[in-house]
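Asker: Got target-v8.pdb for you, PDB, C-alpha atoms and all ligand atoms:
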```
ATOM      1  CA  MET A 689      95.882  96.409 119.494
ATOM      2  CA  SER A 690      96.131  99.753 121.145
ATOM      3  CA  SER A 691      98.951  98.570 123.371
ATOM      4  CA  LYS A 692     100.957  97.880 120.263
ATOM      5  CA  ARG A 693     100.410 101.302 118.877
ATOM      6  CA  PHE A 694     103.295 103.640 119.038
ATOM      7  CA  ILE A 695     103.815 107.076 117.752
ATOM      8  CA  LEU A 696     106.303 107.196 114.967
ATOM      9  CA  LEU A 697     109.281 109.347 115.091
ATOM     10  CA  VAL A 698     108.784 111.008 111.765
ATOM     11  CA  LEU A 699     111.845 112.602 110.348
ATOM     12  CA  VAL A 700     110.994 114.884 107.510
ATOM     13  CA  THR A 701     113.646 116.241 105.271
ATOM     14  CA  VAL A 702     113.205 118.408 102.274
ATOM     15  CA  THR A 703     114.475 116.338  99.426
ATOM     16  CA  LEU A 704     116.296 117.110  96.295
ATOM     17  CA  GLY A 705     114.147 119.404  94.250
ATOM     18  CA  PHE A 706     111.890 118.029  91.615
ATOM     19  CA  SER A 707     112.685 118.957  88.088
ATOM     20  CA  GLY A 708     110.152 119.447  85.382
ATOM     21  CA  SER A 709     110.369 119.436  81.650
ATOM     22  CA  SER A 710     107.825 119.875  78.912
ATOM     23  CA  MET A 711     109.928 117.836  76.530
ATOM     24  CA  ALA A 712     108.754 114.454  75.475
ATOM     25  CA  GLY A 713     110.739 111.803  77.282
ATOM     26  CA  SER A 714     111.455 111.465  80.944
ATOM     27  CA  VAL A 715     112.836 113.527  83.753
ATOM     28  CA  THR A 716     114.810 111.873  86.506
ATOM     29  CA  THR A 717     114.966 112.940  90.126
ATOM     30  CA  GLN A 718     117.517 111.560  92.552
ATOM     31  CA  VAL A 719     115.569 110.947  95.731
ATOM     32  CA  THR A 720     118.347 109.888  98.112
ATOM     33  CA  ASN A 721     121.884 111.096  98.555
ATOM     34  CA  ASN A 722     123.569 109.596 101.591
ATOM     35  CA  SER A 723     126.338 107.264 102.703
ATOM     36  CA  TYR A 724     124.270 104.124 103.263
ATOM     37  CA  GLU A 725     122.537 101.520 101.146
ATOM     38  CA  ASP A 726     119.077 102.299  99.774
ATOM     39  CA  SER A 727     117.379  99.475  97.957
ATOM     40  CA  TYR A 728     114.270  97.737  96.663
ATOM     41  CA  PRO A 729     112.044 100.722  95.898
ATOM     42  CA  ARG A 730     108.386 100.198  95.076
ATOM     43  CA  ILE A 731     105.929 102.742  93.746
ATOM     44  CA  LYS A 732     102.173 103.179  93.708
ATOM     45  CA  GLY A 733     100.422 106.446  93.011
ATOM     46  CA  ASP A 734     102.490 109.249  94.519
ATOM     47  CA  TYR A 735     104.248 106.995  97.038
ATOM     48  CA  VAL A 736     107.745 105.615  96.597
ATOM     49  CA  VAL A 737     108.875 103.341  99.446
ATOM     50  CA  TRP A 738     112.193 101.606 100.017
ATOM     51  CA  GLN A 739     114.508 100.256 102.684
ATOM     52  CA  GLY A 740     117.645 102.109 103.741
ATOM     53  CA  ARG A 741     120.346 100.717 105.988
ATOM     54  CA  ASN A 742     120.697 103.706 108.239
ATOM     55  CA  ASN A 743     122.751 103.387 111.451
ATOM     56  CA  GLY A 744     123.360  99.672 111.231
ATOM     57  CA  ASP A 745     119.888  98.298 110.608
ATOM     58  CA  TRP A 746     117.295  98.669 107.860
ATOM     59  CA  GLU A 747     114.618 101.359 108.049
ATOM     60  CA  ILE A 748     111.608 102.204 105.878
ATOM     61  CA  PHE A 749     111.440 105.433 103.886
ATOM     62  CA  LEU A 750     108.735 107.199 101.912
ATOM     63  CA  TYR A 751     109.081 109.746  99.133
ATOM     64  CA  ASN A 752     105.914 111.580  98.160
ATOM     65  CA  ILE A 753     106.136 112.575  94.508
ATOM     66  CA  ALA A 754     103.354 115.143  94.869
ATOM     67  CA  THR A 755     105.061 117.041  97.680
ATOM     68  CA  GLY A 756     108.699 116.162  97.040
ATOM     69  CA  VAL A 757     109.088 115.276 100.709
ATOM     70  CA  THR A 758     110.974 112.255 102.046
ATOM     71  CA  THR A 759     109.817 110.788 105.369
ATOM     72  CA  GLN A 760     111.666 108.236 107.456
ATOM     73  CA  ILE A 761     108.903 105.886 108.586
ATOM     74  CA  THR A 762     110.835 103.738 111.066
ATOM     75  CA  ASP A 763     113.646 104.559 113.466
ATOM     76  CA  ASN A 764     114.551 101.631 115.705
ATOM     77  CA  ASP A 765     117.314  99.094 116.273
ATOM     78  CA  TYR A 766     115.963  96.097 114.335
ATOM     79  CA  ASN A 767     115.621  95.316 110.662
ATOM     80  CA  ASP A 768     112.623  96.655 108.736
ATOM     81  CA  LEU A 769     112.388  95.131 105.265
ATOM     82  CA  SER A 770     110.385  94.657 102.097
ATOM     83  CA  PRO A 771     108.128  97.723 102.104
ATOM     84  CA  GLN A 772     105.096  97.777  99.822
ATOM     85  CA  THR A 773     102.528 100.481  99.243
ATOM     86  CA  ASP A 774      99.135 100.878  97.642
ATOM     87  CA  GLY A 775      99.542 104.661  97.467
ATOM     88  CA  SER A 776      97.733 105.178 100.783
ATOM     89  CA  TYR A 777      99.308 102.745 103.230
ATOM     90  CA  ILE A 778     102.761 101.259 103.674
ATOM     91  CA  VAL A 779     103.399  97.727 104.919
ATOM     92  CA  TRP A 780     106.658  95.958 105.731
ATOM     93  CA  GLN A 781     108.114  93.277 107.959
ATOM     94  CA  GLY A 782     110.116  94.180 111.054
ATOM     95  CA  PHE A 783     112.121  91.901 113.332
ATOM     96  CA  LYS A 784     110.795  93.350 116.545
ATOM     97  CA  ASP A 785     111.440  91.484 119.813
ATOM     98  CA  HIS A 786     113.151  88.626 117.981
ATOM     99  CA  GLU A 787     110.388  87.631 115.584
ATOM    100  CA  TRP A 788     109.093  88.931 112.267
ATOM    101  CA  ASP A 789     105.919  90.982 112.472
ATOM    102  CA  ILE A 790     103.970  92.935 109.855
ATOM    103  CA  PHE A 791     103.687  96.683 110.307
ATOM    104  CA  LEU A 792     101.254  99.106 108.721
ATOM    105  CA  TRP A 793     101.666 102.861 108.339
ATOM    106  CA  ASP A 794      98.386 104.672 107.819
ATOM    107  CA  GLY A 795      99.726 108.091 106.932
ATOM    108  CA  SER A 796     100.466 109.249 110.441
ATOM    109  CA  GLU A 797     101.556 106.313 112.571
ATOM    110  CA  ALA A 798     102.636 102.691 112.382
ATOM    111  CA  GLN A 799     101.353  99.673 114.250
ATOM    112  CA  ALA A 800     101.920  95.940 114.225
ATOM    113  CA  ILE A 801      99.022  94.174 112.498
ATOM    114  CA  SER A 802     100.221  90.587 112.962
ATOM    115  CA  GLY A 803      99.947  88.346 116.001
ATOM    116  CA  ARG A 804     102.860  87.231 118.134
ATOM    117  CA  ASN A 805     104.409  83.751 118.305
ATOM    118  CA  ALA A 806     104.575  83.531 114.542
ATOM    119  CA  GLN A 807     107.046  84.509 111.861
ATOM    120  CA  ASP A 808     105.087  86.943 109.693
ATOM    121  CA  ALA A 809     106.718  87.851 106.409
ATOM    122  CA  SER A 810     106.452  89.019 102.799
ATOM    123  CA  PRO A 811     103.470  91.368 103.047
ATOM    124  CA  GLN A 812     101.653  92.422  99.867
ATOM    125  CA  ILE A 813      99.095  95.226  99.652
ATOM    126  CA  ALA A 814      96.368  96.388  97.291
ATOM    127  CA  ASN A 815      93.497  98.760  97.836
ATOM    128  CA  GLY A 816      93.804  98.801 101.643
ATOM    129  CA  PHE A 817      94.027  95.001 101.995
ATOM    130  CA  ILE A 818      97.216  93.293 103.143
ATOM    131  CA  VAL A 819      98.160  89.639 102.851
ATOM    132  CA  TRP A 820     101.169  87.753 104.160
ATOM    133  CA  THR A 821     102.484  84.374 105.200
ATOM    134  CA  SER A 822     102.409  83.564 108.902
ATOM    135  CA  GLU A 823     104.229  80.589 110.406
ATOM    136  CA  PRO A 824     103.169  79.978 114.002
ATOM    137  CA  PHE A 825     105.697  78.530 116.415
ATOM    138  CA  GLY A 826     105.900  77.376 120.010
ATOM    139  CA  ASP A 827     108.310  75.584 122.303
ATOM    140  CA  ASP A 828     107.817  72.276 120.510
ATOM    141  CA  PHE A 829     106.509  73.102 117.038
ATOM    142  CA  VAL A 830     106.959  75.269 113.975
ATOM    143  CA  GLY A 831     104.220  75.762 111.384
ATOM    144  CA  PRO A 832     102.465  74.856 109.197
ATOM    145  CA  SER A 833     102.160  78.332 107.728
ATOM    146  CA  GLU A 834      98.938  80.216 107.151
ATOM    147  CA  VAL A 835      97.820  83.041 104.876
ATOM    148  CA  ILE A 836      96.546  86.130 106.683
ATOM    149  CA  LEU A 837      94.292  88.847 105.242
ATOM    150  CA  TYR A 838      94.085  92.221 107.003
ATOM    151  CA  ASP A 839      91.627  95.006 106.205
ATOM    152  CA  ALA A 840      93.295  98.348 106.935
ATOM    153  CA  VAL A 841      89.937 100.121 107.111
ATOM    154  CA  THR A 842      88.115  97.826 109.537
ATOM    155  CA  GLN A 843      91.388  96.623 111.158
ATOM    156  CA  ILE A 844      90.035  93.073 111.033
ATOM    157  CA  ARG A 845      92.565  90.256 110.634
ATOM    158  CA  THR A 846      91.416  86.983 109.090
ATOM    159  CA  VAL A 847      93.205  83.668 108.670
ATOM    160  CA  LEU A 848      92.243  83.322 105.042
ATOM    161  CA  SER A 849      93.661  79.823 104.627
ATOM    162  CA  ALA A 850      91.610  78.529 107.576
ATOM    163  CA  ASN A 851      88.669  78.391 105.180
ATOM    164  CA  VAL A 852      90.338  75.564 103.287
ATOM    165  CA  ASP A 853      92.585  74.204 106.045
ATOM    166  CA  PRO A 854      90.596  74.600 109.284
ATOM    167  CA  GLY A 855      92.916  72.505 111.445
ATOM    168  CA  ASN A 856      96.028  74.043 109.911
ATOM    169  CA  THR A 857      97.633  70.769 108.921
ATOM    170  CA  LEU A 858      98.795  72.066 105.528
ATOM    171  CA  SER A 859     101.307  74.723 104.560
ATOM    172  CA  ASP A 860      99.740  77.841 103.002
ATOM    173  CA  GLY A 861     101.928  80.648 101.729
ATOM    174  CA  GLY A 862     103.197  82.974  99.045
ATOM    175  CA  PRO A 863     100.067  85.113  98.739
ATOM    176  CA  LYS A 864      99.683  87.704  95.987
ATOM    177  CA  ILE A 865      97.013  90.368  95.950
ATOM    178  CA  ASN A 866      95.467  92.829  93.521
ATOM    179  CA  ASP A 867      92.278  94.886  93.565
ATOM    180  CA  GLU A 868      90.166  91.839  92.723
ATOM    181  CA  MET A 869      91.651  88.781  94.378
ATOM    182  CA  VAL A 870      94.162  87.005  96.562
ATOM    183  CA  ILE A 871      95.918  83.874  95.380
ATOM    184  CA  TRP A 872      98.158  81.531  97.319
ATOM    185  CA  VAL A 873      99.641  78.062  97.229
ATOM    186  CA  GLN A 874      98.909  75.198  99.623
ATOM    187  CA  THR A 875     101.355  72.333 100.033
ATOM    188  CA  ASP A 876     100.838  69.043 101.867
ATOM    189  CA  ASP A 877     103.543  66.925 103.483
ATOM    190  CA  ARG A 878     104.022  64.994 100.224
ATOM    191  CA  ASP A 879     104.663  68.235  98.337
ATOM    192  CA  ASN A 880     101.371  68.109  96.474
ATOM    193  CA  THR A 881     100.288  71.658  95.742
ATOM    194  CA  ALA A 882      96.953  73.337  95.227
ATOM    195  CA  MET A 883      96.310  76.943  94.304
ATOM    196  CA  TYR A 884      93.529  78.946  95.898
ATOM    197  CA  MET A 885      91.903  82.189  94.870
ATOM    198  CA  TYR A 886      89.913  84.440  97.187
ATOM    199  CA  ASP A 887      87.593  86.728  95.211
ATOM    200  CA  PHE A 888      86.894  90.098  96.849
ATOM    201  CA  GLY A 889      83.796  90.487  94.676
ATOM    202  CA  ASN A 890      81.820  87.592  96.140
ATOM    203  CA  ALA A 891      84.019  86.647  99.128
ATOM    204  CA  THR A 892      84.422  83.078  97.947
ATOM    205  CA  ILE A 893      87.436  80.813  97.612
ATOM    206  CA  THR A 894      88.046  78.727  94.516
ATOM    207  CA  GLN A 895      90.520  75.887  94.255
ATOM    208  CA  ASN A 896      92.791  75.725  91.204
ATOM    209  CA  PRO A 897      91.059  78.521  89.311
ATOM    210  CA  GLU A 898      91.804  79.076  85.657
ATOM    211  CA  TYR A 899      93.194  82.542  85.200
ATOM    212  CA  VAL A 900      96.387  84.367  84.403
ATOM    213  CA  TRP A 901      97.836  86.584  87.088
ATOM    214  CA  GLY A 902      98.297  89.908  85.348
ATOM    215  CA  ASP A 903      99.708  92.093  88.052
ATOM    216  CA  SER A 904     103.365  93.043  88.216
ATOM    217  CA  PRO A 905     105.242  95.966  89.779
ATOM    218  CA  GLN A 906     107.102  96.265  86.473
ATOM    219  CA  GLU A 907     104.028  96.982  84.390
ATOM    220  CA  ASP A 908     101.096  99.350  84.504
ATOM    221  CA  GLY A 909      98.733  99.924  81.626
ATOM    222  CA  ASN A 910     100.710 100.010  78.401
ATOM    223  CA  LEU A 911     104.046 100.723  80.072
ATOM    224  CA  ASN A 912     106.633  98.155  81.129
ATOM    225  CA  VAL A 913     109.778  99.118  82.964
ATOM    226  CA  LEU A 914     112.863  96.924  82.912
ATOM    227  CA  SER A 915     116.536  96.841  83.794
ATOM    228  CA  ARG A 916     118.971  95.529  81.240
ATOM    229  CA  HIS A 917     122.647  95.599  80.440
ATOM    230  CA  ASP A 918     123.728  98.117  77.785
ATOM    231  CA  GLY A 919     127.230  96.711  77.374
ATOM    232  CA  HIS A 920     128.674  98.731  80.238
ATOM    233  CA  ASP A 921     126.270  98.395  83.140
ATOM    234  CA  ARG A 922     122.565  98.127  83.815
ATOM    235  CA  GLU A 923     120.145 100.819  82.640
ATOM    236  CA  ILE A 924     116.427 101.430  83.031
ATOM    237  CA  PHE A 925     114.172 101.220  79.988
ATOM    238  CA  VAL A 926     110.472 101.728  79.466
ATOM    239  CA  TYR A 927     108.628  99.796  76.809
ATOM    240  CA  ASN A 928     105.415 101.243  75.476
ATOM    241  CA  ASP A 929     103.009  98.531  74.301
ATOM    242  CA  ASN A 930     101.074 101.008  72.180
ATOM    243  CA  SER A 931     103.922 102.626  70.273
ATOM    244  CA  ARG A 932     106.157  99.549  70.564
ATOM    245  CA  VAL A 933     109.052 101.788  71.451
ATOM    246  CA  TYR A 934     111.767 101.230  74.021
ATOM    247  CA  HIS A 935     112.655 104.418  75.806
ATOM    248  CA  GLN A 936     115.973 104.589  77.638
ATOM    249  CA  VAL A 937     115.563 106.319  80.982
ATOM    250  CA  THR A 938     119.104 106.121  82.378
ATOM    251  CA  ASP A 939     122.553 106.284  80.843
ATOM    252  CA  ASN A 940     125.136 106.436  83.580
ATOM    253  CA  GLY A 941     127.906 104.472  85.240
ATOM    254  CA  LEU A 942     125.618 103.047  87.908
ATOM    255  CA  GLN A 943     124.026  99.648  88.086
ATOM    256  CA  ASP A 944     120.364 100.623  87.708
ATOM    257  CA  ARG A 945     118.102  97.837  88.944
ATOM    258  CA  TYR A 946     114.826  96.852  90.602
ATOM    259  CA  PRO A 947     112.486  99.138  88.639
ATOM    260  CA  SER A 948     108.847  99.558  89.589
ATOM    261  CA  ILE A 949     106.178 101.591  87.802
ATOM    262  CA  SER A 950     102.819 103.162  88.641
ATOM    263  CA  GLY A 951     101.025 105.197  86.022
ATOM    264  CA  SER A 952     103.751 107.207  84.307
ATOM    265  CA  ASN A 953     105.972 107.340  87.386
ATOM    266  CA  MET A 954     108.764 104.863  87.911
ATOM    267  CA  THR A 955     111.403 104.222  90.532
ATOM    268  CA  TRP A 956     114.556 102.151  90.720
ATOM    269  CA  MET A 957     117.772 101.612  92.630
ATOM    270  CA  GLY A 958     120.991 102.980  91.147
ATOM    271  CA  GLY A 959     124.428 101.954  92.371
ATOM    272  CA  GLU A 960     125.517  99.199  94.705
ATOM    273  CA  GLY A 961     126.302  98.802  98.367
ATOM    274  CA  GLU A 962     126.806 101.951 100.379
ATOM    275  CA  VAL A 963     126.549 104.256  97.365
ATOM    276  CA  SER A 964     123.194 102.948  96.167
ATOM    277  CA  GLU A 965     120.461 105.552  95.853
ATOM    278  CA  ILE A 966     116.783 105.758  94.894
ATOM    279  CA  PHE A 967     115.673 107.484  91.699
ATOM    280  CA  VAL A 968     112.296 108.516  90.361
ATOM    281  CA  ALA A 969     111.372 109.411  86.796
ATOM    282  CA  PHE A 970     108.243 110.583  85.073
ATOM    283  CA  TYR A 971     107.635 109.237  81.602
ATOM    284  CA  GLU A 972     106.050 111.372  78.933
ATOM    285  CA  GLU A 973     104.793 109.947  75.711
ATOM    286  CA  PRO A 974     107.387 110.770  73.059
ATOM    287  CA  ASP A 975     106.059 112.790  70.149
ATOM    288  CA  SER A 976     107.284 112.433  66.588
ATOM    289  CA  GLY A 977     110.930 112.103  65.727
ATOM    290  CA  THR A 978     111.640 108.603  66.950
ATOM    291  CA  GLY A 979     115.123 107.384  66.349
ATOM    292  CA  THR A 980     116.698 110.541  67.668
ATOM    293  CA  SER A 981     118.271 110.956  71.023
ATOM    294  CA  THR A 982     118.513 113.907  73.310
ATOM    295  CA  GLU A 983     120.588 114.213  76.411
ATOM    296  CA  HIS A 984     120.035 116.767  79.060
ATOM    297  CA  ALA A 985     120.820 117.160  82.688
ATOM    298  CA  ALA A 986     117.782 117.071  84.911
ATOM    299  CA  THR A 987     117.338 120.645  85.980
ATOM    300  CA  GLY A 988     116.591 121.721  89.483
ATOM    301  CA  VAL A 989     118.239 118.712  91.083
ATOM    302  CA  THR A 990     120.363 119.857  93.947
ATOM    303  CA  THR A 991     122.443 117.595  96.040
ATOM    304  CA  GLY A 992     121.777 118.935  99.491
ATOM    305  CA  GLY A 993     125.327 120.002 100.171
ATOM    306  CA  ASN A 994     126.906 117.015  98.527
ATOM    307  CA  THR A 995     128.381 117.934  95.205
ATOM    308  CA  ASP A 996     129.028 114.363  94.183
ATOM    309  CA  ASP A 997     126.279 113.433  91.773
ATOM    310  CA  GLY A 998     126.904 109.722  92.253
ATOM    311  CA  GLY A 999     128.216 109.115  88.778
ATOM    312  CA  ASN A1000     125.834 111.095  86.629
ATOM    313  CA  GLY A1001     122.987 109.641  88.583
ATOM    314  CA  ALA A1002     120.956 112.812  88.242
ATOM    315  CA  ARG A1003     121.217 112.948  84.497
ATOM    316  CA  CYS A1004     118.475 111.987  82.173
ATOM    317  CA  PHE A1005     119.143 110.461  78.822
ATOM    318  CA  ILE A1006     116.439 110.261  76.258
ATOM    319  CA  ASN A1007     117.111 107.772  73.560
ATOM    320  CA  THR A1008     114.620 105.988  71.410
ATOM    321  CA  ILE A1009     116.559 102.882  70.551
ATOM    322  CA  ALA A1010     114.021 100.700  68.853
ATOM    323  CA  HIS A1011     110.956 101.308  66.810
ATOM    324  CA  TYR A1012     109.033  98.504  65.216
TER
HETATM  325 CA    CA B   1     114.991  99.389 111.730
HETATM  326 CA    CA B   2      97.714  76.113 106.797
HETATM  327 CA    CA B   3     123.513 102.573  84.479
HETATM  328 CA    CA B   4     122.386 105.694  99.693
END
```
Translate the structure of the given file into structure tokens.
Ligand SMILES: [Ca+2]
Ligand SMILES: [Ca+2]
Ligand SMILES: [Ca+2]
Ligand SMILES: [Ca+2]
Answerer:
Amino acid sequence: MSSKRFILLVLVTVTLGFSGSSMAGSVTTQVTNNSYEDSYPRIKGDYVVWQGRNNGDWEIFLYNIATGVTTQITDNDYNDLSPQTDGSYIVWQGFKDHEWDIFLWDGSEAQAISGRNAQDASPQIANGFIVWTSEPFGDDFVGPSEVILYDAVTQIRTVLSANVDPGNTLSDGGPKINDEMVIWVQTDDRDNTAMYMYDFGNATITQNPEYVWGDSPQEDGNLNVLSRHDGHDREIFVYNDNSRVYHQVTDNGLQDRYPSISGSNMTWMGGEGEVSEIFVAFYEEPDSGTGTSTEHAATGVTTGGNTDDGGNGARCFINTIAHY
């Protein structure tokens, strides 16, 4: 493993200043402001991660809400995609040396955590555990795929699906993970499927368990974040299960998509193609006076020398549009 370690070139830039407001509603911060595509942000705790197509290939970026600092996690000449974070670690897939591997950033450096001679993809992380689908290949074979579990603390990698497919004759893939369990789907060569659940509590695997998967990057606690069309373009909304109120977070000329929420913090992608940027907002429980709307520019947001605000991207619009 140590031979695969490499010190990251960490590029730290002071980001656009964070703006605060004591008003009920939300305050939006534009995290990126550059000439390349930034997309698919995910958030957990204080970490916002996304992929940016900087200098011809995709790289991984981190924005720390607590410090307001953006860090470029990768800087290489191959594609790094699909970052996920649990608020402590970042995982993603990178096409290093002509095959997909899984990489883990532990706060100071990144290392490959998958084996070679396999296509390793779609990592998911929760609570320091990472799962992904791994499809081994050789000169005369490809697959079947396996589900891998990696413990970031002990650095132990386990072929989780080997417990129920010891000879690897079946295709295991699509794992999801939360603090309590891993689930995945196994498919045989006649397309019969079985679902498996690995329980972190008792370290056992159950076939076809009865449960409802309740984990989504678009919901946390009583808050749900969503992107929907307002008649002009897509906007970000938060729905509060308790107050049953939709709160409009954005109102701009950008296509606002791919929202993700953690606690009261949310992130999304605004704009398309080379002008797409990453935004972060903090949601505050609205007080009385529902049905009113207030618009204000997010204060303290500077554009780092670029005076183009990307189409009102840094504005925050507070609008309670529904109240049941
Ligand atoms: Ca790259
Ligand atoms: Ca298998
Ligand atoms: Ca919009
Ligand atoms: Ca951009």
Asker: Please check which residues have atoms at most 7 Å from (129.3, 97.7, 91.8) in the file's coordinates, counting only C-alpha atoms, and write them as a ChimeraX atom specification.
Answerer: /A:943,959-960
Asker: May I have the residues within 7 Å of ligand CA 1 (chain B), computed using all atoms listed in the file, as a list in words?
Answerer: Asp745, Trp746, Glu747, Thr762, Asp763, Asn764, Asp765, Tyr766, Asn767 and Asp768 of chain A
Asker: Once you count all atoms listed in the file, what closest atom pair and distance in Å to one decimal does each residue of chain A within 7 Å of ligand CA 2 (chain B) have, with rows by chain and rising residue number, as CSV?
Answerer:
```
residue,atom,partner,partner_atom,distance
A:Pro832,CA,B:CA2,CA,5.5
A:Ser833,CA,B:CA2,CA,5.1
A:Glu834,CA,B:CA2,CA,4.3
A:Ser849,CA,B:CA2,CA,5.9
A:Ala850,CA,B:CA2,CA,6.6
A:Asp853,CA,B:CA2,CA,5.5
A:Asn856,CA,B:CA2,CA,4.1
A:Thr857,CA,B:CA2,CA,5.8
A:Leu858,CA,B:CA2,CA,4.4
A:Ser859,CA,B:CA2,CA,4.5
A:Asp860,CA,B:CA2,CA,4.6
```
Asker: Distance CA of Met957 (chain A)-CA of Gly795 (chain A), one decimal place?
Answerer: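 The value is 23.9 Å.
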Asker: Spell out the residues picked by the PyMOL selection byres (((not hetatm)) within 9 of (chain B and resi 4)) here, as a tab-separated table (two decimals) with C-alpha atoms, in the frame of the given file.
Answerer:
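That gives us result02.tsv:
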```tsv
chain	number	residue	atom	x	y	z
A	720	THR	CA	118.35	109.89	98.11
A	721	ASN	CA	121.88	111.10	98.56
A	722	ASN	CA	123.57	109.60	101.59
A	723	SER	CA	126.34	107.26	102.70
A	724	TYR	CA	124.27	104.12	103.26
A	725	GLU	CA	122.54	101.52	101.15
A	726	ASP	CA	119.08	102.30	99.77
A	727	SER	CA	117.38	99.48	97.96
A	740	GLY	CA	117.64	102.11	103.74
A	741	ARG	CA	120.35	100.72	105.99
A	742	ASN	CA	120.70	103.71	108.24
A	959	GLY	CA	124.43	101.95	92.37
A	960	GLU	CA	125.52	99.20	94.70
A	961	GLY	CA	126.30	98.80	98.37
A	962	GLU	CA	126.81	101.95	100.38
A	963	VAL	CA	126.55	104.26	97.36
A	964	SER	CA	123.19	102.95	96.17
A	965	GLU	CA	120.46	105.55	95.85
A	966	ILE	CA	116.78	105.76	94.89
```
Asker: Distance limit 6 Å, reference ligand CA 3 (chain B), atoms considered: all atoms listed in the file. Which residues make the cut? Give them as an NGL selection string.
Answerer: :A and (921-923 or 939-944)
Asker: Under the rule that only C-alpha atoms are counted, which of A:Asn880, A:Thr821, A:Gln906, A:Ser948 is the nearest residue to Val968 (chain A)?
Answerer: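 Selected residue with least distance to Val968 (chain A): A:Ser948.
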